[in-house]
file upload.txt (compact mmCIF, C-alpha atoms)
# COMPACT_ATOMS: atom_id res chain seq x y z
CA MET B 160 -14.64 -13.88 -3.78
CA GLU B 161 -13.67 -14.39 -0.14
CA CYS B 162 -14.91 -17.46 1.74
CA ASP B 163 -16.27 -17.39 5.27
CA GLU B 164 -15.01 -19.92 7.83
CA ASN B 165 -18.08 -22.20 7.59
CA THR B 166 -17.55 -22.56 3.85
CA ILE B 167 -13.89 -23.37 4.37
CA VAL B 168 -14.73 -25.98 7.01
CA LYS B 169 -17.28 -27.66 4.72
CA LYS B 170 -14.76 -27.79 1.89
CA GLU B 171 -12.15 -29.40 4.08
CA GLU B 172 -14.57 -31.88 5.67
CA ALA B 173 -15.37 -33.07 2.15
CA LYS B 174 -11.82 -34.39 1.80
CA GLU B 175 -12.70 -37.69 3.43
CA LEU B 176 -9.74 -39.57 2.04
CA GLU B 177 -7.15 -37.07 3.27
CA GLY B 178 -5.64 -36.46 6.68
CA LEU B 179 -5.83 -33.77 9.31
CA THR B 180 -6.76 -30.28 8.11
CA ILE B 181 -5.43 -27.25 9.96
CA LEU B 182 -7.51 -24.09 9.71
CA LEU B 183 -5.62 -20.92 10.59
CA SER B 184 -7.08 -17.50 11.20
CA THR B 185 -4.91 -14.44 11.85
CA ASP B 186 -5.60 -10.86 12.88
CA GLU B 187 -2.64 -9.55 10.89
CA ASP B 188 -2.24 -10.54 7.28
CA ASP B 189 -0.14 -9.50 4.28
CA ASP B 190 1.16 -10.96 1.03
CA ARG B 191 3.78 -13.22 2.61
CA PRO B 192 2.90 -16.94 2.42
CA VAL B 193 2.33 -18.93 5.61
CA TYR B 194 4.23 -22.15 6.31
CA LEU B 195 3.90 -24.93 8.85
CA SER B 196 7.13 -25.79 10.64
CA GLY B 197 7.36 -28.65 13.09
CA ASN B 198 8.74 -31.97 14.26
CA PHE B 199 7.53 -33.59 11.03
CA ASN B 200 9.91 -31.59 8.77
CA GLN B 201 12.88 -30.90 11.07
CA TRP B 202 11.47 -27.44 11.83
CA ILE B 203 12.29 -26.13 8.38
CA THR B 204 10.67 -22.71 8.18
CA GLN B 205 10.19 -22.32 4.43
CA ASP B 206 9.23 -25.81 3.34
CA ARG B 207 7.06 -25.54 0.23
CA LYS B 208 5.55 -28.95 0.96
CA TYR B 209 3.95 -27.38 4.04
CA GLN B 210 2.91 -24.02 2.61
CA MET B 211 -0.66 -23.22 3.61
CA SER B 212 -3.34 -22.34 1.10
CA LYS B 213 -4.80 -18.84 1.43
CA GLN B 214 -8.60 -18.99 1.29
CA ALA B 215 -9.35 -15.37 2.16
CA LYS B 216 -7.74 -12.47 3.99
CA GLY B 217 -6.58 -13.84 7.33
CA LYS B 218 -7.78 -17.41 6.50
CA TYR B 219 -5.46 -20.30 5.63
CA THR B 220 -5.75 -24.08 5.39
CA PHE B 221 -3.43 -27.05 5.11
CA THR B 222 -4.43 -30.71 4.76
CA PHE B 223 -1.92 -33.46 5.41
CA PRO B 224 -1.95 -36.09 2.63
CA ALA B 225 -3.61 -39.43 3.27
CA ASP B 226 -0.25 -41.25 3.32
CA PHE B 227 1.40 -38.77 5.71
CA SER B 228 3.45 -40.50 8.42
CA TYR B 229 2.32 -38.79 11.63
CA PRO B 230 4.65 -38.56 14.62
CA GLU B 231 3.14 -39.70 17.91
CA GLU B 232 2.19 -36.07 18.44
CA LEU B 233 2.33 -33.21 15.96
CA ILE B 234 4.33 -30.27 17.34
CA TYR B 235 4.39 -27.15 15.18
CA LYS B 236 4.37 -23.39 14.67
CA PHE B 237 3.36 -21.03 11.89
CA THR B 238 5.87 -18.78 10.11
CA LYS B 239 5.90 -16.34 7.23
CA GLY B 240 9.18 -17.70 5.94
CA ASP B 241 11.75 -17.94 8.72
CA TRP B 242 12.21 -17.35 12.44
CA SER B 243 12.36 -13.60 11.87
CA GLU B 244 8.74 -13.82 10.69
CA VAL B 245 7.32 -16.37 13.10
CA GLU B 246 4.02 -16.12 14.97
CA ILE B 247 3.95 -14.18 18.28
CA ASP B 248 1.14 -13.48 20.73
CA LYS B 249 -0.84 -10.24 21.04
CA PHE B 250 1.68 -8.95 23.57
CA GLU B 251 4.52 -9.62 21.09
CA ASN B 252 5.90 -12.53 23.11
CA LYS B 253 7.11 -15.87 21.82
CA THR B 254 4.27 -18.38 21.55
CA PRO B 255 4.55 -21.95 22.89
CA ASN B 256 4.69 -24.82 20.42
CA ARG B 257 1.33 -26.07 19.21
CA HIS B 258 0.36 -29.72 19.71
CA SER B 259 -2.11 -32.11 18.13
CA LYS B 260 -2.67 -35.87 18.29
CA LYS B 261 -5.34 -35.84 15.62
CA ARG B 262 -4.92 -37.86 12.42
CA SER B 263 -8.01 -36.55 10.63
CA GLY B 264 -10.73 -33.94 10.96
CA ILE B 265 -10.25 -30.22 11.67
CA GLN B 266 -7.75 -28.44 13.92
CA LYS B 267 -8.52 -24.73 14.34
CA GLU B 268 -5.69 -22.34 15.19
CA HIS B 269 -5.30 -18.58 15.57
CA VAL B 270 -2.31 -16.23 15.29
CA SER B 271 -2.54 -12.72 16.72
CA LYS B 272 0.65 -11.21 15.32
CA TRP B 273 3.82 -11.97 13.38
CA ARG B 274 7.40 -10.88 13.87
CA GLN B 275 8.59 -8.22 11.43
CA ASN B 276 12.25 -7.42 10.75
CA TRP B 277 13.37 -9.47 13.75
CA LEU B 278 11.54 -7.34 16.24
CA PRO B 279 11.05 -7.82 19.05
CA TYR B 280 14.10 -9.81 20.19
CA ARG B 281 15.18 -10.69 23.72
CA ALA B 282 18.38 -8.97 24.83
CA SER B 283 19.21 -11.99 27.01
CA GLN B 284 19.58 -14.09 23.83
CA LEU B 285 22.03 -11.74 22.10
CA PRO B 286 25.39 -13.34 21.32
CA GLN B 287 28.42 -12.30 23.33
CA VAL B 288 30.49 -9.94 21.17
CA HIS B 289 34.15 -10.65 21.89
CA LEU B 290 37.01 -8.65 20.38
CA ILE B 291 39.69 -11.23 19.57
CA SER B 292 42.28 -8.61 18.68
CA GLU B 293 42.60 -5.00 17.59
CA GLU B 294 45.67 -6.00 15.59
CA PHE B 295 45.53 -9.65 14.62
CA GLU B 296 48.63 -10.38 12.57
CA ILE B 297 48.27 -11.33 8.91
CA PRO B 298 51.76 -12.66 8.15
CA GLN B 299 50.82 -13.50 4.56
CA LEU B 300 50.27 -9.77 3.87
CA ASN B 301 52.47 -8.22 6.56
CA LYS B 302 49.43 -6.41 8.02
CA THR B 303 47.20 -6.51 11.06
CA ARG B 304 43.42 -6.53 11.31
CA LYS B 305 40.62 -6.22 13.86
CA VAL B 306 38.84 -9.57 14.33
CA TRP B 307 35.70 -10.30 16.34
CA ALA B 308 33.97 -13.40 17.67
CA LEU B 309 30.22 -13.58 18.27
CA LEU B 310 29.66 -16.38 20.76
CA PRO B 311 26.33 -18.01 21.74
CA HIS B 312 24.68 -16.13 24.62
CA ASP B 313 25.25 -19.01 27.05
CA TYR B 314 28.80 -19.81 25.92
CA ASN B 315 30.30 -19.17 29.36
CA THR B 316 27.82 -21.40 31.19
CA SER B 317 27.91 -24.21 28.65
CA GLU B 318 30.36 -26.96 27.72
CA GLU B 319 29.01 -27.31 24.19
CA THR B 320 31.13 -27.18 21.07
CA TYR B 321 29.88 -25.16 18.11
CA PRO B 322 30.08 -24.89 14.32
CA VAL B 323 31.91 -21.82 13.03
CA LEU B 324 31.17 -19.37 10.24
CA TYR B 325 33.88 -16.97 9.06
CA LEU B 326 32.37 -13.76 7.67
CA GLN B 327 34.03 -10.91 5.78
CA ASP B 328 33.34 -7.17 6.19
CA ALA B 329 32.81 -7.21 9.96
CA GLN B 330 32.21 -3.44 9.94
CA ASN B 331 28.84 -4.06 8.27
CA LEU B 332 27.65 -7.11 10.21
CA PHE B 333 26.54 -5.78 13.62
CA ASN B 334 27.81 -2.21 13.94
CA GLU B 335 24.84 0.11 14.45
CA LYS B 336 26.96 3.07 13.32
CA SER B 337 27.98 1.54 10.00
CA PRO B 338 27.53 4.19 7.25
CA PHE B 339 26.06 1.58 4.90
CA GLY B 340 23.77 -0.09 7.46
CA ASN B 341 24.44 -3.55 8.84
CA TRP B 342 23.24 -7.14 8.66
CA GLN B 343 22.09 -7.10 12.31
CA ILE B 344 23.42 -10.62 12.73
CA ASP B 345 23.46 -10.20 16.52
CA LYS B 346 19.70 -9.56 16.66
CA LYS B 347 18.95 -12.32 14.18
CA LEU B 348 20.99 -14.87 16.08
CA ALA B 349 19.14 -13.79 19.25
CA VAL B 350 15.77 -14.59 17.69
CA MET B 351 17.04 -17.87 16.24
CA SER B 352 18.39 -18.82 19.65
CA ASP B 353 14.91 -18.37 21.09
CA TYR B 354 13.74 -21.13 18.75
CA GLY B 355 16.54 -23.56 19.46
CA ILE B 356 18.63 -22.98 16.34
CA GLY B 357 21.50 -20.70 15.50
CA LYS B 358 23.96 -21.83 18.17
CA ILE B 359 27.04 -21.03 16.18
CA ILE B 360 30.26 -19.06 16.55
CA ILE B 361 30.66 -16.23 14.05
CA ILE B 362 34.18 -15.01 13.38
CA ALA B 363 33.93 -11.56 11.82
CA ILE B 364 37.00 -10.15 10.08
CA GLU B 365 37.10 -6.43 9.34
CA HIS B 366 37.96 -5.41 5.79
CA ALA B 367 41.04 -3.40 4.84
CA GLU B 368 39.23 -0.09 4.21
CA LYS B 369 40.90 1.42 1.11
CA GLU B 370 42.63 -1.87 0.31
CA ARG B 371 39.45 -3.95 0.69
CA VAL B 372 39.05 -4.67 -3.02
CA LEU B 373 42.74 -5.45 -3.39
CA GLU B 374 42.61 -8.05 -0.60
CA TYR B 375 39.37 -9.65 -1.76
CA ASN B 376 40.44 -9.81 -5.42
CA VAL B 377 41.62 -13.37 -6.13
CA GLY B 378 44.31 -13.66 -8.79
CA LYS B 379 44.26 -11.59 -11.97
CA THR B 380 40.83 -10.19 -12.86
CA LEU B 381 39.29 -7.17 -14.54
CA LEU B 382 40.34 -5.26 -11.41
CA GLY B 383 43.99 -6.18 -11.87
CA GLU B 384 46.22 -8.38 -9.75
CA GLY B 385 44.79 -8.96 -6.29
CA GLN B 386 45.99 -10.28 -2.94
CA GLY B 387 43.07 -12.65 -2.48
CA LYS B 388 45.14 -15.85 -2.43
CA GLN B 389 47.31 -14.52 0.39
CA TYR B 390 44.22 -13.37 2.29
CA ILE B 391 42.61 -16.79 1.89
CA ARG B 392 45.76 -18.42 3.26
CA PHE B 393 45.54 -16.09 6.26
CA LEU B 394 41.97 -17.19 6.97
CA THR B 395 42.77 -20.86 6.48
CA ASP B 396 46.31 -21.31 7.76
CA THR B 397 46.49 -18.65 10.49
CA LEU B 398 43.08 -17.53 11.74
CA LYS B 399 41.21 -20.85 11.76
CA PRO B 400 43.88 -22.73 13.78
CA PHE B 401 43.88 -19.87 16.30
CA VAL B 402 40.09 -19.96 16.63
CA ASP B 403 40.00 -23.75 17.01
CA LYS B 404 42.67 -23.57 19.72
CA ASN B 405 41.05 -20.75 21.72
CA PHE B 406 37.32 -21.44 21.40
CA ARG B 407 35.11 -24.53 21.77
CA THR B 408 34.65 -25.19 18.07
CA LYS B 409 33.73 -28.18 15.98
CA PRO B 410 36.80 -27.91 13.72
CA GLU B 411 35.80 -30.46 11.09
CA ARG B 412 34.97 -29.20 7.60
CA GLU B 413 31.30 -30.22 7.84
CA PHE B 414 30.93 -27.72 10.72
CA THR B 415 33.04 -24.94 9.17
CA GLY B 416 31.64 -22.27 6.88
CA ILE B 417 32.79 -19.08 5.20
CA GLY B 418 30.80 -16.26 3.68
CA GLY B 419 30.36 -12.68 2.65
CA SER B 420 28.76 -10.33 0.15
CA SER B 421 29.93 -8.62 -3.04
CA MET B 422 33.75 -8.86 -3.21
CA GLY B 423 33.59 -10.49 0.24
CA GLY B 424 31.33 -13.10 -1.31
CA LEU B 425 33.77 -13.65 -4.15
CA VAL B 426 36.79 -14.24 -1.90
CA SER B 427 34.68 -16.54 0.31
CA LEU B 428 33.60 -18.53 -2.74
CA PHE B 429 37.19 -19.06 -3.81
CA SER B 430 38.16 -19.95 -0.24
CA GLY B 431 35.70 -22.82 -0.33
CA LEU B 432 36.67 -23.98 -3.81
CA ILE B 433 40.41 -23.86 -3.16
CA TYR B 434 40.20 -25.39 0.33
CA PRO B 435 37.33 -27.91 0.17
CA GLU B 436 39.02 -29.93 2.90
CA VAL B 437 38.55 -26.97 5.29
CA TYR B 438 35.22 -25.34 4.37
CA GLY B 439 32.09 -27.43 3.94
CA LYS B 440 29.54 -24.57 3.98
CA LEU B 441 29.62 -21.48 1.76
CA MET B 442 27.32 -18.45 2.30
CA ILE B 443 27.71 -16.42 -0.87
CA PHE B 444 25.63 -13.24 -1.27
CA SER B 445 25.75 -11.13 -4.46
CA PRO B 446 29.28 -12.21 -5.42
CA SER B 447 31.19 -9.89 -7.77
CA LEU B 448 31.43 -12.49 -10.52
CA TRP B 449 31.58 -9.72 -13.11
CA VAL B 450 35.30 -9.26 -12.34
CA ILE B 451 35.99 -12.77 -13.70
CA PRO B 452 33.50 -13.18 -16.59
CA LYS B 453 35.48 -16.12 -18.03
CA ILE B 454 36.08 -17.97 -14.79
CA LYS B 455 37.67 -21.37 -15.38
CA PHE B 456 37.25 -24.31 -13.03
CA SER B 457 40.14 -26.37 -14.37
CA PHE B 458 42.09 -25.69 -11.17
CA LEU B 459 39.52 -27.79 -9.31
CA ASP B 460 40.80 -30.88 -11.10
CA PHE B 461 43.71 -30.86 -8.67
CA PHE B 462 41.44 -31.24 -5.65
CA GLU B 463 39.47 -34.18 -4.39
CA PRO B 464 35.81 -33.02 -4.32
CA LYS B 465 34.12 -32.99 -0.92
CA GLU B 466 30.47 -32.83 0.03
CA THR B 467 29.77 -29.10 0.17
CA LYS B 468 26.69 -26.95 0.70
CA ILE B 469 26.58 -23.58 -1.08
CA TYR B 470 23.91 -20.94 -0.45
CA LEU B 471 23.90 -18.55 -3.42
CA TYR B 472 21.87 -15.34 -3.24
CA ALA B 473 21.31 -12.55 -5.78
CA GLY B 474 18.94 -9.61 -6.14
CA GLY B 475 17.21 -8.71 -9.37
CA GLU B 476 17.67 -4.97 -8.84
CA GLU B 477 21.42 -5.14 -8.11
CA SER B 478 22.60 -4.82 -11.70
CA ALA B 479 21.62 -5.89 -15.20
CA THR B 480 23.84 -8.96 -14.95
CA MET B 481 23.89 -10.09 -11.28
CA VAL B 482 21.21 -12.79 -11.53
CA ALA B 483 22.46 -13.99 -14.91
CA HIS B 484 26.02 -14.27 -13.60
CA ILE B 485 25.05 -16.27 -10.55
CA LYS B 486 22.84 -18.66 -12.53
CA LYS B 487 25.59 -19.15 -15.10
CA PHE B 488 28.11 -19.80 -12.33
CA LYS B 489 25.91 -22.46 -10.77
CA LYS B 490 25.33 -24.13 -14.14
CA ARG B 491 29.02 -24.19 -15.03
CA LEU B 492 30.05 -25.47 -11.61
CA LEU B 493 27.58 -28.34 -11.73
CA LYS B 494 28.47 -29.17 -15.32
CA ARG B 495 31.57 -30.89 -13.97
CA ASP B 496 30.69 -34.50 -13.15
CA SER B 497 33.11 -34.65 -10.23
CA LEU B 498 31.41 -31.69 -8.53
CA ARG B 499 27.77 -32.34 -9.35
CA GLU B 500 27.63 -35.42 -7.13
CA LYS B 501 29.26 -33.63 -4.20
CA MET B 502 27.68 -30.17 -4.13
CA GLU B 503 24.31 -29.08 -2.88
CA ILE B 504 23.43 -25.58 -4.04
CA GLN B 505 20.52 -23.54 -2.75
CA LEU B 506 19.88 -20.69 -5.19
CA SER B 507 17.87 -17.80 -3.73
CA ILE B 508 16.76 -14.96 -6.03
CA ASN B 509 14.91 -11.88 -4.78
CA GLU B 510 13.72 -10.06 -7.91
CA GLN B 511 13.31 -6.84 -5.90
CA GLY B 512 16.64 -7.23 -4.09
CA ARG B 513 19.21 -4.43 -4.23
CA HIS B 514 22.96 -4.50 -3.59
CA ASN B 515 22.96 -3.48 0.06
CA GLU B 516 23.06 -4.68 3.66
CA THR B 517 19.28 -4.64 4.12
CA TYR B 518 18.73 -7.47 1.64
CA TRP B 519 21.75 -9.47 2.79
CA SER B 520 20.44 -9.06 6.33
CA ASP B 521 17.10 -10.58 5.33
CA GLU B 522 18.84 -13.52 3.69
CA PHE B 523 21.27 -14.27 6.55
CA PRO B 524 18.97 -16.36 8.80
CA LYS B 525 17.62 -18.37 5.88
CA ALA B 526 21.16 -19.18 4.79
CA ILE B 527 22.31 -20.03 8.33
CA GLU B 528 19.36 -22.34 8.84
CA TRP B 529 19.81 -24.18 5.54
CA LEU B 530 23.58 -24.48 5.77
CA PHE B 531 23.97 -25.52 9.40
CA PHE B 532 20.64 -26.58 10.90
CA SER B 533 18.71 -28.37 8.17
CA ASN B 534 19.03 -31.64 6.29
CA ARG B 535 16.91 -30.27 3.46
CA LYS B 536 18.57 -30.76 0.09
CA GLY B 537 19.34 -27.89 -2.24
CA ASP B 538 17.56 -27.22 -5.51
CA VAL B 539 19.93 -29.26 -7.66
call {"tool": "encode", "arguments": {"input": "upload.txt", "output": "structure tokens"}}
result
Amino acid sequence: MECDENTIVKKEEAKELEGLTILLSTDEDDDRPVYLSGNFNQWITQDRKYQMSKQAKGKYTFTFPADFSYPEELIYKFTKGDWSEVEIDKFENKTPNRHSKKRSGIQKEHVSKWRQNWLPYRASQLPQVHLISEEFEIPQLNKTRKVWALLPHDYNTSEETYPVLYLQDAQNLFNEKSPFGNWQIDKKLAVMSDYGIGKIIIIAIEHAEKERVLEYNVGKTLLGEGQGKQYIRFLTDTLKPFVDKNFRTKPEREFTGIGGSSMGGLVSLFSGLIYPEVYGKLMIFSPSLWVIPKIKFSFLDFFEPKETKIYLYAGGEESATMVAHIKKFKKRLLKRDSLREKMEIQLSINEQGRHNETYWSDEFPKAIEWLFFSNRKGDV
């Protein structure tokens, strides 16, 4: 049975020994949970400790615990999971931060609308899309490749240095004409920029079309002998030094990430494992672990483990084995004592997720935020 607002208020006022209670009403509501994000949790947008309790349709509450350490002033916003799903006003504009100096009692708030699928975004916040080269040389494979850089929107008027994420399959990252759809990373970075996060350089490397699988296949697998090791050396020994020399990057490993999906996720995963001194952040979506069902980690004994963050994503509707493979991989990786103390792994499973760009697109901002702009630990 649904509660009216007076009933909710009375219930919350009865919690005399607890702290401030926030009552939220919203004109638009759905099944997505609502979270508080603010200066008390480093603006994490999907912090389960600050998930609001749904009392009725369009009615939510959250009560800070009695021992909560309040900042001088609470500054916060409401989201439905990340900045792509944050509150907006009735005219679909960004809302200002909310403020409260209360330590107890009731704080009433109202949200008119929520972002959906990253719309609307401000064109002025879109990253600058820069073509590095139509034919960037890959000496390790005696080939050339088109490589792009997505730079923060204010790159030319700033003197900042930025973390860098190297992403595979550039054709499917921001190309509106991609036959398989795209991740829309340009639009998502624009929205994130509006909220003060997401200032990062993305280096997008196009795949090799018909030879894509060959290049992304590392070593000898069920797909045969691949060229993945040579491709990884290209990324690490050739492309990264060029990027660090020509752009204002933070070149250290703790500011350098690599990622991709499917076979692109697999080659990115091996890049991070083989070169831990180079890559400190791994964004791995739906990796094709099925091609190496008996993956061995003995080669890691030759490397000194480094502190590494890995965001692992899989969809339940991708295949009969995708989720099982990724969970098994995580378990086996962390079974090694030398790695368990050094690796933070955030495992994200969408039971309805399919093997396509739409779902990887939804996951991208969550992964970016956790990997580069949050101190929140993983789930290990």
call {"tool": "residues_around", "arguments": {"input": "upload.txt", "residues": "B:Glu370", "least_positions_apart": "5", "cutoff": "12 Å", "atoms": "all atoms listed in the file", "output": "VMD selection string"}}
result
chain B and resid 300 302 304 365 375 to 376 385 to 387 390 422
call {"tool": "closest_residue", "arguments": {"input": "upload.txt", "among": "B:Gln266, B:Gln284, B:Thr222, B:Ser445", "to": "B:Ser184", "atoms": "all atoms listed in the file"}}
result
B:Gln266
call {"tool": "atom_distance", "arguments": {"input": "upload.txt", "atom1": "atom CA of B:Ser228", "atom2": "atom CA of B:Lys468"}}
result
28.0 Å
call {"tool": "closest_residue", "arguments": {"input": "upload.txt", "among": "B:Lys453, B:Lys305, B:Lys213, B:Lys346", "to": "B:Thr380", "atoms": "only C-alpha atoms"}}
result
B:Lys453
call {"tool": "atom_distance", "arguments": {"input": "upload.txt", "atom1": "atom CA of B:Ser427", "atom2": "atom CA of B:Gly240"}}
result
26.1 Å
call {"tool": "closest_atom_pairs", "arguments": {"input": "upload.txt", "of": "stretch 246-345 of chain B", "to": "stretch 509-518 of chain B", "cutoff": "8 Å", "atoms": "only C-alpha atoms", "output": "CSV"}}
result
residue,atom,partner,partner_atom,distance
B:Asn331,CA,B:Glu516,CA,7.4
B:Phe339,CA,B:Glu516,CA,7.1
B:Gly340,CA,B:Glu516,CA,6.0
B:Asn341,CA,B:Glu516,CA,5.5
B:Trp342,CA,B:Glu516,CA,5.6
call {"tool": "atom_distance", "arguments": {"input": "upload.txt", "atom1": "atom CA of B:Ala363", "atom2": "atom CA of B:Val306"}}
result
5.9 Å
call {"tool": "residues_around", "arguments": {"input": "upload.txt", "residues": "stretch 502-504 of chain B", "least_positions_apart": "4", "cutoff": "12 Å", "atoms": "all atoms listed in the file", "output": "number ranges by chain"}}
result
B: 431-432, 435, 439-443, 464-472, 485-486, 488-490, 492-498, 526, 529-530, 534-539
call {"tool": "closest_residue", "arguments": {"input": "upload.txt", "among": "B:Ser421, B:Ile181, B:Phe250, B:Gln214", "to": "B:Lys236", "atoms": "all atoms listed in the file"}}
result
B:Ile181
call {"tool": "residues_near_point", "arguments": {"input": "upload.txt", "point": "(23.7, -16.4, 19.3)", "cutoff": "8 Å", "atoms": "all atoms listed in the file", "output": "PDB file with C-alpha atoms, in the frame of the given file"}}
result
ATOM      1  CA  GLN B 284      19.580 -14.090  23.830  1.00  0.00           C
ATOM      2  CA  LEU B 285      22.030 -11.740  22.100  1.00  0.00           C
ATOM      3  CA  PRO B 286      25.390 -13.340  21.320  1.00  0.00           C
ATOM      4  CA  GLN B 287      28.420 -12.300  23.330  1.00  0.00           C
ATOM      5  CA  LEU B 309      30.220 -13.580  18.270  1.00  0.00           C
ATOM      6  CA  LEU B 310      29.660 -16.380  20.760  1.00  0.00           C
ATOM      7  CA  PRO B 311      26.330 -18.010  21.740  1.00  0.00           C
ATOM      8  CA  HIS B 312      24.680 -16.130  24.620  1.00  0.00           C
ATOM      9  CA  ASP B 345      23.460 -10.200  16.520  1.00  0.00           C
ATOM     10  CA  LEU B 348      20.990 -14.870  16.080  1.00  0.00           C
ATOM     11  CA  ALA B 349      19.140 -13.790  19.250  1.00  0.00           C
ATOM     12  CA  MET B 351      17.040 -17.870  16.240  1.00  0.00           C
ATOM     13  CA  SER B 352      18.390 -18.820  19.650  1.00  0.00           C
ATOM     14  CA  GLY B 357      21.500 -20.700  15.500  1.00  0.00           C
ATOM     15  CA  LYS B 358      23.960 -21.830  18.170  1.00  0.00           C
ATOM     16  CA  ILE B 359      27.040 -21.030  16.180  1.00  0.00           C
ATOM     17  CA  ILE B 360      30.260 -19.060  16.550  1.00  0.00           C
TER      18      ILE B 360
END
call {"tool": "build_atoms", "arguments": {"input": "upload.txt", "residues": "stretch 368-380 of chain B", "atoms": "N, CA, C and O atoms", "output": "mmCIF file, in the coordinates of the input"}}
result
data_model
loop_
_atom_site.group_PDB
_atom_site.id
_atom_site.type_symbol
_atom_site.label_atom_id
_atom_site.label_comp_id
_atom_site.auth_asym_id
_atom_site.auth_seq_id
_atom_site.Cartn_x
_atom_site.Cartn_y
_atom_site.Cartn_z
ATOM 1 N N GLU B 368 39.542 -1.473 4.575
ATOM 2 C CA GLU B 368 39.230 -0.090 4.210
ATOM 3 C C GLU B 368 39.608 0.169 2.744
ATOM 4 O O GLU B 368 39.063 -0.466 1.857
ATOM 5 N N LYS B 369 40.554 1.039 2.481
ATOM 6 C CA LYS B 369 40.900 1.420 1.110
ATOM 7 C C LYS B 369 41.486 0.267 0.309
ATOM 8 O O LYS B 369 41.458 0.275 -0.925
ATOM 9 N N GLU B 370 42.036 -0.724 1.007
ATOM 10 C CA GLU B 370 42.630 -1.870 0.310
ATOM 11 C C GLU B 370 41.690 -3.080 0.317
ATOM 12 O O GLU B 370 42.119 -4.201 0.018
ATOM 13 N N ARG B 371 40.431 -2.843 0.630
ATOM 14 C CA ARG B 371 39.450 -3.950 0.690
ATOM 15 C C ARG B 371 39.392 -4.720 -0.622
ATOM 16 O O ARG B 371 39.496 -5.956 -0.640
ATOM 17 N N VAL B 372 39.191 -4.002 -1.723
ATOM 18 C CA VAL B 372 39.050 -4.670 -3.020
ATOM 19 C C VAL B 372 40.327 -5.402 -3.382
ATOM 20 O O VAL B 372 40.289 -6.524 -3.909
ATOM 21 N N LEU B 373 41.464 -4.812 -3.081
ATOM 22 C CA LEU B 373 42.740 -5.450 -3.390
ATOM 23 C C LEU B 373 42.867 -6.790 -2.660
ATOM 24 O O LEU B 373 43.264 -7.798 -3.250
ATOM 25 N N GLU B 374 42.505 -6.822 -1.383
ATOM 26 C CA GLU B 374 42.610 -8.050 -0.600
ATOM 27 C C GLU B 374 41.600 -9.106 -1.024
ATOM 28 O O GLU B 374 41.889 -10.302 -0.993
ATOM 29 N N TYR B 375 40.414 -8.694 -1.405
ATOM 30 C CA TYR B 375 39.370 -9.650 -1.760
ATOM 31 C C TYR B 375 39.449 -10.106 -3.212
ATOM 32 O O TYR B 375 38.725 -11.016 -3.621
ATOM 33 N N ASN B 376 40.298 -9.474 -4.005
ATOM 34 C CA ASN B 376 40.440 -9.810 -5.420
ATOM 35 C C ASN B 376 41.382 -11.005 -5.564
ATOM 36 O O ASN B 376 42.555 -10.926 -5.210
ATOM 37 N N VAL B 377 40.849 -12.122 -6.064
ATOM 38 C CA VAL B 377 41.620 -13.370 -6.130
ATOM 39 C C VAL B 377 42.265 -13.518 -7.512
ATOM 40 O O VAL B 377 41.568 -13.661 -8.515
ATOM 41 N N GLY B 378 43.606 -13.472 -7.539
ATOM 42 C CA GLY B 378 44.310 -13.660 -8.790
ATOM 43 C C GLY B 378 44.241 -12.443 -9.690
ATOM 44 O O GLY B 378 44.101 -11.308 -9.232
ATOM 45 N N LYS B 379 44.305 -12.675 -10.996
ATOM 46 C CA LYS B 379 44.260 -11.590 -11.970
ATOM 47 C C LYS B 379 42.869 -11.506 -12.575
ATOM 48 O O LYS B 379 42.384 -12.447 -13.189
ATOM 49 N N THR B 380 42.207 -10.374 -12.387
ATOM 50 C CA THR B 380 40.830 -10.190 -12.860
ATOM 51 C C THR B 380 40.721 -8.858 -13.586
ATOM 52 O O THR B 380 41.733 -8.187 -13.836
#
